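All remarks here apply to the structure that follows.
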Amino acid sequence: MIIVLYANTGESLKKAFSYIEHQHAGLSAHVNLSRIGDIELRIAQLNQIPDRKTERRVTVVSNPQTGRELALLRDMGAVVCHQYGALSPLYTTEIKISPLHDLHYVPHLTFSGLPGHVFTVDELLSECKVKHRKFRQRAK
Amino acid sequence: MSSLRHSHNKARLERYFEQWARWVHTGQVTTAKSILQKLIDGDSFDCSGGGCSPIVECVELNIESALMRFMVTNKQAVTVCRVEYGALFLPNLPIDANRETRALRMGMSLRTYNRRLQDARVCVEGELIRLNYL
């Protein structure tokens, strides 16, 4: 299963990923493409993500920067999650939030007064698995 | 003061739910006493064996009947409540599985699971308040 996490700060990304890592000990990986300049290399790295079908192994891709990468990830069945709050400069015309398919989250386990569409991290992981199952069923 | 009472009620409700889950597996609640209990109470053994009439007025039965009534309108919430407190076991699922695993096994997300559980709890809590258990 692939989860794309858009986080405003490195700290919130770390918080969200550490929860996922804790739940899937030994079966989670983090792909950070921000240090690779060439887009072809980034695409190649995304194509090499192993075991996309099962939900036991979770690959977290953080902050893909171009629309091409995001489109590829969506085609692979990745669930795209955006941090709730003020949008970072990352959201250009290429990166768009799909209101029907994408999820919004806060990098905390408990948070009061959230709007209905925003999930805490534990709810987010569960929601991603449900969405992933639906995608796999449609693909069959 | 009110929050203290609320948390006290919450703890009692949890205890009642646990009693109910145990009752679901062990069967009916009866007035039958063990020999040791009879000795402790100083009862006589002369009287006839007597029957063990089922108790029809207990919190376990009231919870069950409240859930049965709620089942008509919200069946999934009742199932979630049964699974949460161990009154219903899902096949091949460990008893100590966390909520997320249970929710996924039942084909719903954690948020849906929590919402349905809350619905069932509110229904039972209302019924128990009405019957002066809480």
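Identifiers in the structure tokens: chain A, B, ... in order shown; residue index from 1 per chain; ligand index from 1 in order shown.
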- request: Could you list, as a list in words, the residues of chain A having an atom within 7 Å of chain B when counting only C-alpha atoms?
  value: Glu123, Ser126, Glu127 and Val130 of chain A
query: Do you know which residues are at most 10 Å from range 69-74 of chain B counting only C-alpha atoms, after dropping those on the same chain fewer than 6 positions away, and could you put them as a list in words?
result: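 Returned residues: Ile63, Arg116, Asp119, Ala120, Cys123 and Val124 of chain B.
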Contacts of Leu87 in chain A within 12 Å, only C-alpha atoms, excl. fewer than 2 positions in-chain, as a VMD selection string: chain A and resid 6 to 9 82 to 85 89 to 92 95 to 97 104
- request: Measuring atom to atom with only C-alpha atoms, identify which of B:Cys81, B:Ile129, B:Leu61, B:Met106 is nearest to Leu93 in chain B.
  value: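 Of all the options, B:Met106 lies closest to Leu93 in chain B.
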task: Rank B:Asn92, B:Arg102, B:Ala77, B:Glu84 by their smallest atom-to-atom distance to Glu14 in chain B, using only C-alpha atoms, and report the top residue only.
output: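 Checking each of B:Asn92, B:Arg102, B:Ala77, B:Glu84 against Glu14 in chain B, counting only C-alpha atoms, the winner is B:Glu84.
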statement: re CA of Glu18 in chain B and CA of Arg82 in chain B: distance 10.5 Å
task: Within 7 Å of Ala21 in chain B, counting only C-alpha atoms, which residues show up once you throw out same-chain ones fewer than 5 positions away? Write them as number ranges by chain, please.
output: B: 85-87
Those same residues - N, CA and C atoms - I'd like them written as a PDB file, in the first residue's frame.
```
ATOM      1  N   TYR B  85     -16.802  -5.288  23.239  1.00  0.00           N
ATOM      2  CA  TYR B  85     -16.743  -5.770  24.622  1.00  0.00           C
ATOM      3  C   TYR B  85     -16.549  -7.281  24.715  1.00  0.00           C
ATOM      4  N   GLY B  86     -16.345  -7.931  23.587  1.00  0.00           N
ATOM      5  CA  GLY B  86     -16.033  -9.363  23.609  1.00  0.00           C
ATOM      6  C   GLY B  86     -17.247 -10.249  23.749  1.00  0.00           C
ATOM      7  N   ALA B  87     -18.440  -9.701  23.540  1.00  0.00           N
ATOM      8  CA  ALA B  87     -19.634 -10.545  23.579  1.00  0.00           C
ATOM      9  C   ALA B  87     -19.753 -11.349  22.288  1.00  0.00           C
TER      10      ALA B  87
END
```
message: When you count only C-alpha atoms, which of these residues is closest to Asn47 in chain A: A:Ile3, A:Val121, A:Leu73, A:Ala78?
response: A:Leu73
task: Write out as a ChimeraX atom specification all residues of chain A that DSSP puts in alpha helix (DSSP H) for this structure's backbone.
output: /A:10-23,39-47,67-75,121-139
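The strand (DSSP E) portion of chain A consists of Ile2, Ile3, Val4, Leu5, Tyr6, Ser28, Ala29, His30, Val31, Asn32, Val58, Thr59, Val60, Val61, Ser62, Val79, Val80, Cys81, His82, Gln83, Leu103, His104, Tyr105, Val118 and Phe119 of chain A, with states taken from DSSP on the backbone.
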- request: Excluding Thr120 in chain A and any residue of its chain fewer than 4 positions from it, enumerate the residues within 12 Å of it, using only C-alpha atoms, and give them as a ChimeraX atom specification.
  value: /A:15-16,19,81-84,103-116,124-128 /B:110-111
Separation of CA of Arg52 in chain A from CA of Ser28 in chain A in Å: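 Separation of CA of Ser28 in chain A and CA of Arg52 in chain A: 11.6 Å.
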